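Just below is one structure, and these are the notes that go with it.
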Amino acid sequence: MRKALLLFVLLGSPAAFGQFNIGVQGAYQIINAVSSLGREAVSAAEFKKFKKEQQAHEAEYMTAIQVADSLFIKEKYTEASEQYTVALRFRNEEYAINQIARCNTESARITLRKYEALLDTADVAYMQLNYDSAIKYYSAALEIRDEEYPRAKIDLARIRLERWKTVHISSLLISDSSINELSSQAYSTDSYSNFIPQGKYPTINQYYMDGIAIPDSTHLIIYSEPNFKGKVLLDIVGPAIISNSSKKNDLASREIQSKTFKGALQRVFPQSVRSWSASDMHEWAKGSMEIRREVQE
């Protein structure tokens with residue numbers, strides 16, 4: 001269309017060119033020459049614009065790389081990876097791609113280290129009988145990696161936490177270890193032990209007693225007769241371990257009563273909270289008992 005218009009001007013306006021008759025062929029030569037010059041002018045402008053954009057992209061690429069490298073050195077791998085990804089928008093280079101892979105590797109290493117640290121802290125809390133804290137740290141580890149170990153330990157910690165709200169009654173003495181026919185380990189399961197939750201028990205003849213462990217802030221009252229009547233045989237708030245005085249003359253029993261317990265059980269039940277019963281505990285089974293939780297103020 002533009003060529004046709006220019007041809008009309010050249011052939012139809014002799015006044016513009018005097019008496020010189022250029023003819024149709026000459027007109028087309030002029031038109032082609034003008035078009036070529038125009039294309040060259042446009043190409044030059046586009047090239048200039050392209051170079052300017054290229055330089056801008058190069059500057060943005062370098063800025064993103066510098067920021068990413070700085071974050072990488074500071075071990076902020078997630079943020080560094082994001083900046084390397086930004087750099088790739090401006091230039092697809094192997095350096096940025098490799099650095100993203102390194103960021104991922106380092107992030108995974110840090111995550112694993114954090115996971116293992118949480119498990120270590122949880123395991124220590126569990127061994128220290130601090131089950132609330134153990135559950136908290138196992139749960140935090142589970143949020144990082146969904147694995148069987150922390151999940152199983154949470155279940156065990158919850159069971160142990162509930163058990164430590166009970167009174168442990170054993171037909172053996174209660175100590176820090178299980179010794180056949182001599183002692184039960186405090187709050188561990190064996191065939192000699194029962195774990196009695198809070199409540200009122202009008203009769204207790206089903207429990208044969210040689211050892212009783214009472215946890216912190218738990219109040220135990222034992223009466224000589226059923227239905228909470230008769231003489232009060234024991235009225236104590238834990239922590240405490242009561243051993244049957246009928247065993248007092250036995251050397252092994254005395255050693256159990258006075259020994260230093262292993263691990264956290266020594267902290268919970270030091271020698272100062274262990275005592276012999278005032279009477280034969282086998283007779284206590286004829287009575288009744290009440291277990292309640294004392295609210296600390």
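Going through the structure tokens in order, the chains are called A, B, and so on, while each chain numbers its residues from 1 and the ligands are numbered from 1 in the order shown.
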Find the spatial neighbours of Ser171 in chain A, counting only C-alpha atoms, within a cut-off of 6 Å - ignore same-chain residues fewer than 4 positions away - and output them as a ChimeraX atom specification. /A:192,208-210
Produce a file of the selected residues containing N, CA and C atoms, as a PDB file, in the first residue's frame.
```pdb
ATOM      1  N   TYR A 192       4.917 -59.124  88.893  1.00  0.00           N
ATOM      2  CA  TYR A 192       4.689 -58.865  90.314  1.00  0.00           C
ATOM      3  C   TYR A 192       3.981 -57.527  90.564  1.00  0.00           C
ATOM      4  N   TYR A 208      -1.026 -57.951  96.780  1.00  0.00           N
ATOM      5  CA  TYR A 208      -0.067 -58.463  97.761  1.00  0.00           C
ATOM      6  C   TYR A 208       1.108 -57.495  97.764  1.00  0.00           C
ATOM      7  N   MET A 209       1.385 -56.857  98.905  1.00  0.00           N
ATOM      8  CA  MET A 209       2.315 -55.734  98.943  1.00  0.00           C
ATOM      9  C   MET A 209       3.594 -56.052  99.699  1.00  0.00           C
ATOM     10  N   ASP A 210       4.721 -55.780  99.033  1.00  0.00           N
ATOM     11  CA  ASP A 210       6.012 -55.702  99.700  1.00  0.00           C
ATOM     12  C   ASP A 210       6.707 -54.387  99.353  1.00  0.00           C
TER      13      ASP A 210
END
```
Need the shell around Arg145 in chain A: protein/DNA/RNA residues with any atom at most 12 Å away, counting only C-alpha atoms. Skip same-chain ones fewer than 2 positions apart. Format as a ChimeraX atom specification? /A:108,111-116,118-119,138-143,147-151
List every residue of range 100-276 of chain A that DSSP, applied to the backbone, labels as alpha helix (DSSP H), and write the result as a VMD selection string. chain A and resid 100 to 127 131 to 144 148 to 163 251 to 258 264 to 268
Measure the distance from CA of Ala125 in chain A to CA of Ile291 in chain A in Å and round it to one decimal. 27.2 Å
List the spatial neighbours of Ile65 in chain A as a CSV table (one decimal) with N, CA and C atoms, in the first residue's frame - criterion: any atom at most 7 Å away, only C-alpha atoms, same-chain residues fewer than 5 positions off excluded.
```csv
chain,number,residue,atom,x,y,z
A,83,GLN,N,17.7,-17.0,44.7
A,83,GLN,CA,18.4,-16.0,43.9
A,83,GLN,C,19.1,-16.6,42.7
A,84,TYR,N,19.6,-17.8,42.8
A,84,TYR,CA,20.2,-18.5,41.7
A,84,TYR,C,19.1,-18.8,40.6
A,87,ALA,N,18.6,-15.6,38.8
A,87,ALA,CA,19.6,-15.4,37.8
A,87,ALA,C,19.4,-16.2,36.5
```
At what distance in Å, to one decimal, does CA of Pro226 in chain A lie from CA of Met289 in chain A? 8.3 Å
Test item: residues at most 10 Å from Ala68 in chain A, only C-alpha atoms, excluding those fewer than 3 positions along its chain, as a PDB file with N, CA and C atoms, in the first residue's frame:
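See part.pdb below for the written result:
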```pdb
ATOM      1  N   MET A  62      24.152 -10.665  36.998  1.00  0.00           N
ATOM      2  CA  MET A  62      25.307 -10.535  37.876  1.00  0.00           C
ATOM      3  C   MET A  62      24.885 -10.146  39.288  1.00  0.00           C
ATOM      4  N   THR A  63      23.897  -9.260  39.389  1.00  0.00           N
ATOM      5  CA  THR A  63      23.404  -8.851  40.707  1.00  0.00           C
ATOM      6  C   THR A  63      22.811 -10.044  41.452  1.00  0.00           C
ATOM      7  N   ALA A  64      21.986 -10.833  40.747  1.00  0.00           N
ATOM      8  CA  ALA A  64      21.365 -12.006  41.367  1.00  0.00           C
ATOM      9  C   ALA A  64      22.417 -13.024  41.791  1.00  0.00           C
ATOM     10  N   ILE A  65      23.444 -13.228  40.963  1.00  0.00           N
ATOM     11  CA  ILE A  65      24.516 -14.165  41.291  1.00  0.00           C
ATOM     12  C   ILE A  65      25.284 -13.700  42.521  1.00  0.00           C
ATOM     13  N   LEU A  71      24.591 -15.174  50.081  1.00  0.00           N
ATOM     14  CA  LEU A  71      23.696 -15.979  50.915  1.00  0.00           C
ATOM     15  C   LEU A  71      24.232 -17.395  51.097  1.00  0.00           C
ATOM     16  N   PHE A  72      24.839 -17.934  50.044  1.00  0.00           N
ATOM     17  CA  PHE A  72      25.403 -19.288  50.112  1.00  0.00           C
ATOM     18  C   PHE A  72      26.523 -19.340  51.148  1.00  0.00           C
ATOM     19  N   ILE A  73      27.389 -18.331  51.131  1.00  0.00           N
ATOM     20  CA  ILE A  73      28.499 -18.264  52.093  1.00  0.00           C
ATOM     21  C   ILE A  73      27.961 -18.206  53.525  1.00  0.00           C
ATOM     22  N   LYS A  74      26.837 -17.525  53.710  1.00  0.00           N
ATOM     23  CA  LYS A  74      26.223 -17.398  55.042  1.00  0.00           C
ATOM     24  C   LYS A  74      25.378 -18.626  55.418  1.00  0.00           C
ATOM     25  N   LYS A  76      22.689 -19.641  54.093  1.00  0.00           N
ATOM     26  CA  LYS A  76      21.252 -19.418  53.923  1.00  0.00           C
ATOM     27  C   LYS A  76      20.857 -20.020  52.575  1.00  0.00           C
ATOM     28  N   TYR A  77      20.794 -21.350  52.570  1.00  0.00           N
ATOM     29  CA  TYR A  77      20.712 -22.074  51.307  1.00  0.00           C
ATOM     30  C   TYR A  77      19.362 -21.936  50.608  1.00  0.00           C
ATOM     31  N   THR A  78      18.305 -21.832  51.337  1.00  0.00           N
ATOM     32  CA  THR A  78      16.993 -21.674  50.703  1.00  0.00           C
ATOM     33  C   THR A  78      16.911 -20.346  49.965  1.00  0.00           C
ATOM     34  N   GLU A  79      17.342 -19.261  50.644  1.00  0.00           N
ATOM     35  CA  GLU A  79      17.324 -17.942  50.011  1.00  0.00           C
ATOM     36  C   GLU A  79      18.302 -17.875  48.839  1.00  0.00           C
ATOM     37  N   ALA A  80      19.465 -18.522  48.993  1.00  0.00           N
ATOM     38  CA  ALA A  80      20.456 -18.538  47.911  1.00  0.00           C
ATOM     39  C   ALA A  80      19.897 -19.238  46.682  1.00  0.00           C
ATOM     40  N   SER A  81      19.231 -20.370  46.885  1.00  0.00           N
ATOM     41  CA  SER A  81      18.639 -21.096  45.764  1.00  0.00           C
ATOM     42  C   SER A  81      17.617 -20.241  45.026  1.00  0.00           C
ATOM     43  N   GLU A  82      16.849 -19.476  45.761  1.00  0.00           N
ATOM     44  CA  GLU A  82      15.857 -18.597  45.135  1.00  0.00           C
ATOM     45  C   GLU A  82      16.539 -17.550  44.250  1.00  0.00           C
ATOM     46  N   GLN A  83      17.669 -17.016  44.716  1.00  0.00           N
ATOM     47  CA  GLN A  83      18.382 -16.003  43.928  1.00  0.00           C
ATOM     48  C   GLN A  83      19.068 -16.614  42.707  1.00  0.00           C
ATOM     49  N   TYR A  84      19.594 -17.826  42.836  1.00  0.00           N
ATOM     50  CA  TYR A  84      20.165 -18.498  41.671  1.00  0.00           C
ATOM     51  C   TYR A  84      19.085 -18.767  40.625  1.00  0.00           C
ATOM     52  N   THR A  85      17.891 -19.074  41.073  1.00  0.00           N
ATOM     53  CA  THR A  85      16.766 -19.279  40.155  1.00  0.00           C
ATOM     54  C   THR A  85      16.410 -17.990  39.437  1.00  0.00           C
ATOM     55  N   VAL A  86      16.473 -16.868  40.160  1.00  0.00           N
ATOM     56  CA  VAL A  86      16.244 -15.560  39.535  1.00  0.00           C
ATOM     57  C   VAL A  86      17.293 -15.309  38.452  1.00  0.00           C
ATOM     58  N   ALA A  87      18.553 -15.627  38.760  1.00  0.00           N
ATOM     59  CA  ALA A  87      19.633 -15.422  37.785  1.00  0.00           C
ATOM     60  C   ALA A  87      19.397 -16.208  36.503  1.00  0.00           C
ATOM     61  N   ALA A  96      24.869 -21.402  37.820  1.00  0.00           N
ATOM     62  CA  ALA A  96      23.670 -21.221  38.640  1.00  0.00           C
ATOM     63  C   ALA A  96      22.958 -22.544  38.865  1.00  0.00           C
ATOM     64  N   GLN A  99      24.896 -24.524  41.416  1.00  0.00           N
ATOM     65  CA  GLN A  99      24.765 -23.937  42.747  1.00  0.00           C
ATOM     66  C   GLN A  99      23.414 -24.268  43.381  1.00  0.00           C
ATOM     67  N   ILE A 100      22.383 -24.325  42.574  1.00  0.00           N
ATOM     68  CA  ILE A 100      21.060 -24.717  43.092  1.00  0.00           C
ATOM     69  C   ILE A 100      21.127 -26.142  43.630  1.00  0.00           C
TER      70      ILE A 100
END
```
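Atom pair CA of Pro270 in chain A / CA of Ser258 in chain A has a distance of 9.1 Å (rounded to one decimal).
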Taking 4 positions as the minimum chain separation for residues in the same chain, which residues sit within 10 Å of Lys248 in chain A when counting only C-alpha atoms? Answer as a VMD selection string. chain A and resid 243 to 244 252 to 255 257 276 to 277
Based on DSSP run over this structure's backbone, return all residues of range 78-170 of chain A in strand (DSSP E), as a ChimeraX atom specification. /A:167-170
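Take the candidates A:Arg89, A:Lys286, A:Lys262, A:Arg267 and check each one against Lys231 in chain A using only C-alpha atoms; the shortest distance goes to A:Lys286.
Between Val167 in chain A and the residues A:Ala240, A:Leu233, A:Ile196, A:Leu265, the shortest atom-to-atom distance, using only C-alpha atoms, involves A:Ile196.
Nearest residue to His282 in chain A among A:Tyr223, A:Tyr207, A:Phe90, A:Phe261 is A:Tyr207, counting only C-alpha atoms.
Shortest atom-to-atom contact with Ile241 in chain A among A:Asn194, A:Gln266, A:Ser224, A:Ser275: A:Ser275, counting only C-alpha atoms.
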